Amino acid sequence: MAAGGFCKLPNGSVVVALNLPGLGPAGDTAGVRVLVLAQNRARALTRLRNLGLRAIYLRGNTAPPTPDEITAVLHHPDGLIWRTAPDNGVIATELWHPIRALLRGSAVARP
């Protein structure tokens, strides 16, 4: 089960953050942190499932998005971004990538 959480914004939309293990780019075994902006939590998870990530569930609010992550997803045109998950709480200096970059190099993408 993926760790994650959500944050409700003042305009009623939500930002959902999920740590997905073993979904790293180009066969990398590292996990990724995915951020999704949507009208509600169900729509956020549906957006991921429509991209081919079928077994995605959000139970609880153990790892909600940080204010910096919320700002990043709000300023992205797709509202769906990812980067390598921080290892042992160490925050990486990696920039956020559009979800297309993850699915392009992963076995999750459909032909």
# chains A, B, ... in the order shown; residues from 1 in each chain; ligands from 1

$ residues_around --residues "segment 65-77 of chain A" --least-positions-apart "2" --cutoff "9 Å" --atoms "only C-alpha atoms" --output "PDB file with all heavy atoms, in the first residue's frame"
ATOM      1  N   GLY A   4       0.661   8.096   1.719  1.00  0.00           N
ATOM      2  CA  GLY A   4       0.272   9.342   1.083  1.00  0.00           C
ATOM      3  C   GLY A   4      -0.633  10.164   1.964  1.00  0.00           C
ATOM      4  O   GLY A   4      -0.860   9.846   3.133  1.00  0.00           O
ATOM      5  N   GLY A   5      -1.141  11.209   1.385  1.00  0.00           N
ATOM      6  CA  GLY A   5      -2.030  12.088   2.107  1.00  0.00           C
ATOM      7  C   GLY A   5      -2.602  13.125   1.164  1.00  0.00           C
ATOM      8  O   GLY A   5      -2.349  13.124  -0.034  1.00  0.00           O
ATOM      9  N   PHE A   6      -3.383  14.029   1.732  1.00  0.00           N
ATOM     10  CA  PHE A   6      -4.027  15.048   0.924  1.00  0.00           C
ATOM     11  C   PHE A   6      -4.127  16.342   1.718  1.00  0.00           C
ATOM     12  O   PHE A   6      -3.965  16.360   2.939  1.00  0.00           O
ATOM     13  CB  PHE A   6      -5.421  14.592   0.483  1.00  0.00           C
ATOM     14  CG  PHE A   6      -6.394  14.461   1.623  1.00  0.00           C
ATOM     15  CD1 PHE A   6      -7.257  15.495   1.934  1.00  0.00           C
ATOM     16  CD2 PHE A   6      -6.430  13.323   2.387  1.00  0.00           C
ATOM     17  CE1 PHE A   6      -8.137  15.387   2.994  1.00  0.00           C
ATOM     18  CE2 PHE A   6      -7.304  13.194   3.445  1.00  0.00           C
ATOM     19  CZ  PHE A   6      -8.166  14.232   3.753  1.00  0.00           C
ATOM     20  N   CYS A   7      -4.409  17.413   0.995  1.00  0.00           N
ATOM     21  CA  CYS A   7      -4.613  18.714   1.599  1.00  0.00           C
ATOM     22  C   CYS A   7      -5.725  19.409   0.830  1.00  0.00           C
ATOM     23  O   CYS A   7      -5.674  19.482  -0.403  1.00  0.00           O
ATOM     24  CB  CYS A   7      -3.328  19.526   1.535  1.00  0.00           C
ATOM     25  SG  CYS A   7      -3.494  21.158   2.266  1.00  0.00           S
ATOM     26  N   VAL A  15      -5.107  18.554  -3.152  1.00  0.00           N
ATOM     27  CA  VAL A  15      -3.823  18.071  -3.660  1.00  0.00           C
ATOM     28  C   VAL A  15      -3.565  16.755  -2.948  1.00  0.00           C
ATOM     29  O   VAL A  15      -3.561  16.692  -1.723  1.00  0.00           O
ATOM     30  CB  VAL A  15      -2.682  19.068  -3.390  1.00  0.00           C
ATOM     31  CG1 VAL A  15      -1.350  18.476  -3.805  1.00  0.00           C
ATOM     32  CG2 VAL A  15      -2.931  20.373  -4.106  1.00  0.00           C
ATOM     33  N   VAL A  16      -3.398  15.698  -3.737  1.00  0.00           N
ATOM     34  CA  VAL A  16      -3.124  14.370  -3.205  1.00  0.00           C
ATOM     35  C   VAL A  16      -1.666  14.039  -3.488  1.00  0.00           C
ATOM     36  O   VAL A  16      -1.185  14.226  -4.607  1.00  0.00           O
ATOM     37  CB  VAL A  16      -4.053  13.314  -3.845  1.00  0.00           C
ATOM     38  CG1 VAL A  16      -3.657  11.918  -3.419  1.00  0.00           C
ATOM     39  CG2 VAL A  16      -5.495  13.599  -3.478  1.00  0.00           C
ATOM     40  N   ALA A  17      -0.967  13.551  -2.464  1.00  0.00           N
ATOM     41  CA  ALA A  17       0.434  13.136  -2.596  1.00  0.00           C
ATOM     42  C   ALA A  17       0.527  11.652  -2.260  1.00  0.00           C
ATOM     43  O   ALA A  17      -0.020  11.208  -1.252  1.00  0.00           O
ATOM     44  CB  ALA A  17       1.309  13.944  -1.656  1.00  0.00           C
ATOM     45  N   LEU A  18       1.196  10.900  -3.131  1.00  0.00           N
ATOM     46  CA  LEU A  18       1.361   9.457  -2.922  1.00  0.00           C
ATOM     47  C   LEU A  18       2.823   9.075  -3.116  1.00  0.00           C
ATOM     48  O   LEU A  18       3.461   9.514  -4.071  1.00  0.00           O
ATOM     49  CB  LEU A  18       0.524   8.667  -3.921  1.00  0.00           C
ATOM     50  CG  LEU A  18      -0.984   8.746  -3.750  1.00  0.00           C
ATOM     51  CD1 LEU A  18      -1.670   8.158  -4.965  1.00  0.00           C
ATOM     52  CD2 LEU A  18      -1.401   8.008  -2.503  1.00  0.00           C
ATOM     53  N   LEU A  35       2.232  13.873  -7.180  1.00  0.00           N
ATOM     54  CA  LEU A  35       1.288  14.883  -6.722  1.00  0.00           C
ATOM     55  C   LEU A  35       0.205  15.080  -7.767  1.00  0.00           C
ATOM     56  O   LEU A  35       0.504  15.190  -8.958  1.00  0.00           O
ATOM     57  CB  LEU A  35       1.990  16.219  -6.496  1.00  0.00           C
ATOM     58  CG  LEU A  35       3.083  16.242  -5.437  1.00  0.00           C
ATOM     59  CD1 LEU A  35       3.755  17.593  -5.420  1.00  0.00           C
ATOM     60  CD2 LEU A  35       2.522  15.912  -4.084  1.00  0.00           C
ATOM     61  N   VAL A  36      -1.048  15.123  -7.313  1.00  0.00           N
ATOM     62  CA  VAL A  36      -2.184  15.270  -8.216  1.00  0.00           C
ATOM     63  C   VAL A  36      -3.082  16.380  -7.688  1.00  0.00           C
ATOM     64  O   VAL A  36      -3.441  16.390  -6.512  1.00  0.00           O
ATOM     65  CB  VAL A  36      -3.001  13.962  -8.307  1.00  0.00           C
ATOM     66  CG1 VAL A  36      -4.118  14.110  -9.309  1.00  0.00           C
ATOM     67  CG2 VAL A  36      -2.120  12.788  -8.649  1.00  0.00           C
ATOM     68  N   LEU A  37      -3.477  17.285  -8.568  1.00  0.00           N
ATOM     69  CA  LEU A  37      -4.444  18.328  -8.251  1.00  0.00           C
ATOM     70  C   LEU A  37      -5.777  17.938  -8.880  1.00  0.00           C
ATOM     71  O   LEU A  37      -5.837  17.628 -10.070  1.00  0.00           O
ATOM     72  CB  LEU A  37      -3.973  19.673  -8.810  1.00  0.00           C
ATOM     73  CG  LEU A  37      -4.926  20.853  -8.649  1.00  0.00           C
ATOM     74  CD1 LEU A  37      -5.095  21.208  -7.180  1.00  0.00           C
ATOM     75  CD2 LEU A  37      -4.404  22.048  -9.428  1.00  0.00           C
ATOM     76  N   ALA A  63       1.149  11.002   4.984  1.00  0.00           N
ATOM     77  CA  ALA A  63       2.200  11.786   4.341  1.00  0.00           C
ATOM     78  C   ALA A  63       1.566  12.859   3.454  1.00  0.00           C
ATOM     79  O   ALA A  63       1.613  12.787   2.235  1.00  0.00           O
ATOM     80  CB  ALA A  63       3.101  10.881   3.509  1.00  0.00           C
ATOM     81  N   GLY A  79      -1.178  19.657 -13.576  1.00  0.00           N
ATOM     82  CA  GLY A  79      -1.599  19.361 -12.220  1.00  0.00           C
ATOM     83  C   GLY A  79      -1.290  17.937 -11.808  1.00  0.00           C
ATOM     84  O   GLY A  79      -1.934  17.380 -10.930  1.00  0.00           O
ATOM     85  N   LEU A  80      -0.283  17.339 -12.441  1.00  0.00           N
ATOM     86  CA  LEU A  80       0.088  15.950 -12.168  1.00  0.00           C
ATOM     87  C   LEU A  80       1.593  15.819 -12.382  1.00  0.00           C
ATOM     88  O   LEU A  80       2.066  15.809 -13.519  1.00  0.00           O
ATOM     89  CB  LEU A  80      -0.689  15.023 -13.106  1.00  0.00           C
ATOM     90  CG  LEU A  80      -0.608  13.535 -12.890  1.00  0.00           C
ATOM     91  CD1 LEU A  80      -1.053  13.155 -11.490  1.00  0.00           C
ATOM     92  CD2 LEU A  80      -1.490  12.823 -13.897  1.00  0.00           C
ATOM     93  N   ILE A  81       2.353  15.750 -11.274  1.00  0.00           N
ATOM     94  CA  ILE A  81       3.811  15.759 -11.362  1.00  0.00           C
ATOM     95  C   ILE A  81       4.396  14.683 -10.443  1.00  0.00           C
ATOM     96  O   ILE A  81       3.705  14.137  -9.588  1.00  0.00           O
ATOM     97  CB  ILE A  81       4.392  17.137 -10.979  1.00  0.00           C
ATOM     98  CG1 ILE A  81       3.911  17.569  -9.595  1.00  0.00           C
ATOM     99  CG2 ILE A  81       4.028  18.175 -12.030  1.00  0.00           C
ATOM    100  CD1 ILE A  81       4.486  18.892  -9.119  1.00  0.00           C
ATOM    101  N   TRP A  96      10.725  18.727 -10.171  1.00  0.00           N
ATOM    102  CA  TRP A  96       9.513  17.969 -10.467  1.00  0.00           C
ATOM    103  C   TRP A  96       9.413  17.724 -11.959  1.00  0.00           C
ATOM    104  O   TRP A  96       9.795  18.570 -12.770  1.00  0.00           O
ATOM    105  CB  TRP A  96       8.281  18.734  -9.983  1.00  0.00           C
ATOM    106  CG  TRP A  96       8.219  18.789  -8.492  1.00  0.00           C
ATOM    107  CD1 TRP A  96       8.650  19.805  -7.696  1.00  0.00           C
ATOM    108  CD2 TRP A  96       7.727  17.769  -7.624  1.00  0.00           C
ATOM    109  NE1 TRP A  96       8.449  19.480  -6.385  1.00  0.00           N
ATOM    110  CE2 TRP A  96       7.875  18.239  -6.306  1.00  0.00           C
ATOM    111  CE3 TRP A  96       7.172  16.511  -7.832  1.00  0.00           C
ATOM    112  CZ2 TRP A  96       7.491  17.498  -5.199  1.00  0.00           C
ATOM    113  CZ3 TRP A  96       6.785  15.775  -6.729  1.00  0.00           C
ATOM    114  CH2 TRP A  96       6.939  16.263  -5.432  1.00  0.00           C
ATOM    115  N   PRO A  98       6.871  16.204 -15.302  1.00  0.00           N
ATOM    116  CA  PRO A  98       5.497  15.875 -15.695  1.00  0.00           C
ATOM    117  C   PRO A  98       5.309  14.361 -15.703  1.00  0.00           C
ATOM    118  O   PRO A  98       6.262  13.613 -15.899  1.00  0.00           O
ATOM    119  CB  PRO A  98       5.351  16.464 -17.096  1.00  0.00           C
ATOM    120  CG  PRO A  98       6.728  16.694 -17.579  1.00  0.00           C
ATOM    121  CD  PRO A  98       7.616  16.831 -16.383  1.00  0.00           C
TER     122      PRO A  98
END

$ atom_distance --atom1 "atom CA of Ile56 of chain A" --atom2 "atom CA of Asn11 of chain A"
25.2 Å

$ atom_distance --atom1 "atom CA of Asp78 of chain A" --atom2 "atom CA of Arg43 of chain A"
14.0 Å

$ atom_distance --atom1 "atom CA of Val34 of chain A" --atom2 "atom CA of Leu48 of chain A"
9.3 Å

$ closest_residue --among "A:Lys8, A:Arg100, A:Arg83, A:Arg47" --to "Leu20 of chain A" --atoms "only C-alpha atoms"
A:Arg83

$ closest_residue --among "A:Gln39, A:Val32, A:Thr93, A:Leu102" --to "Gly12 of chain A" --atoms "only C-alpha atoms"
A:Gln39

$ closest_residue --among "A:Val14, A:Glu94, A:Leu9, A:Gly31" --to "Leu45 of chain A" --atoms "only C-alpha atoms"
A:Val14

$ select_by_dssp --residues "segment 7-105 of chain A" --states "strand (DSSP E or B)" --output "PyMOL selection string"
chain A and resi 7-8+14-20+32-38+80-84+87+90+97-98
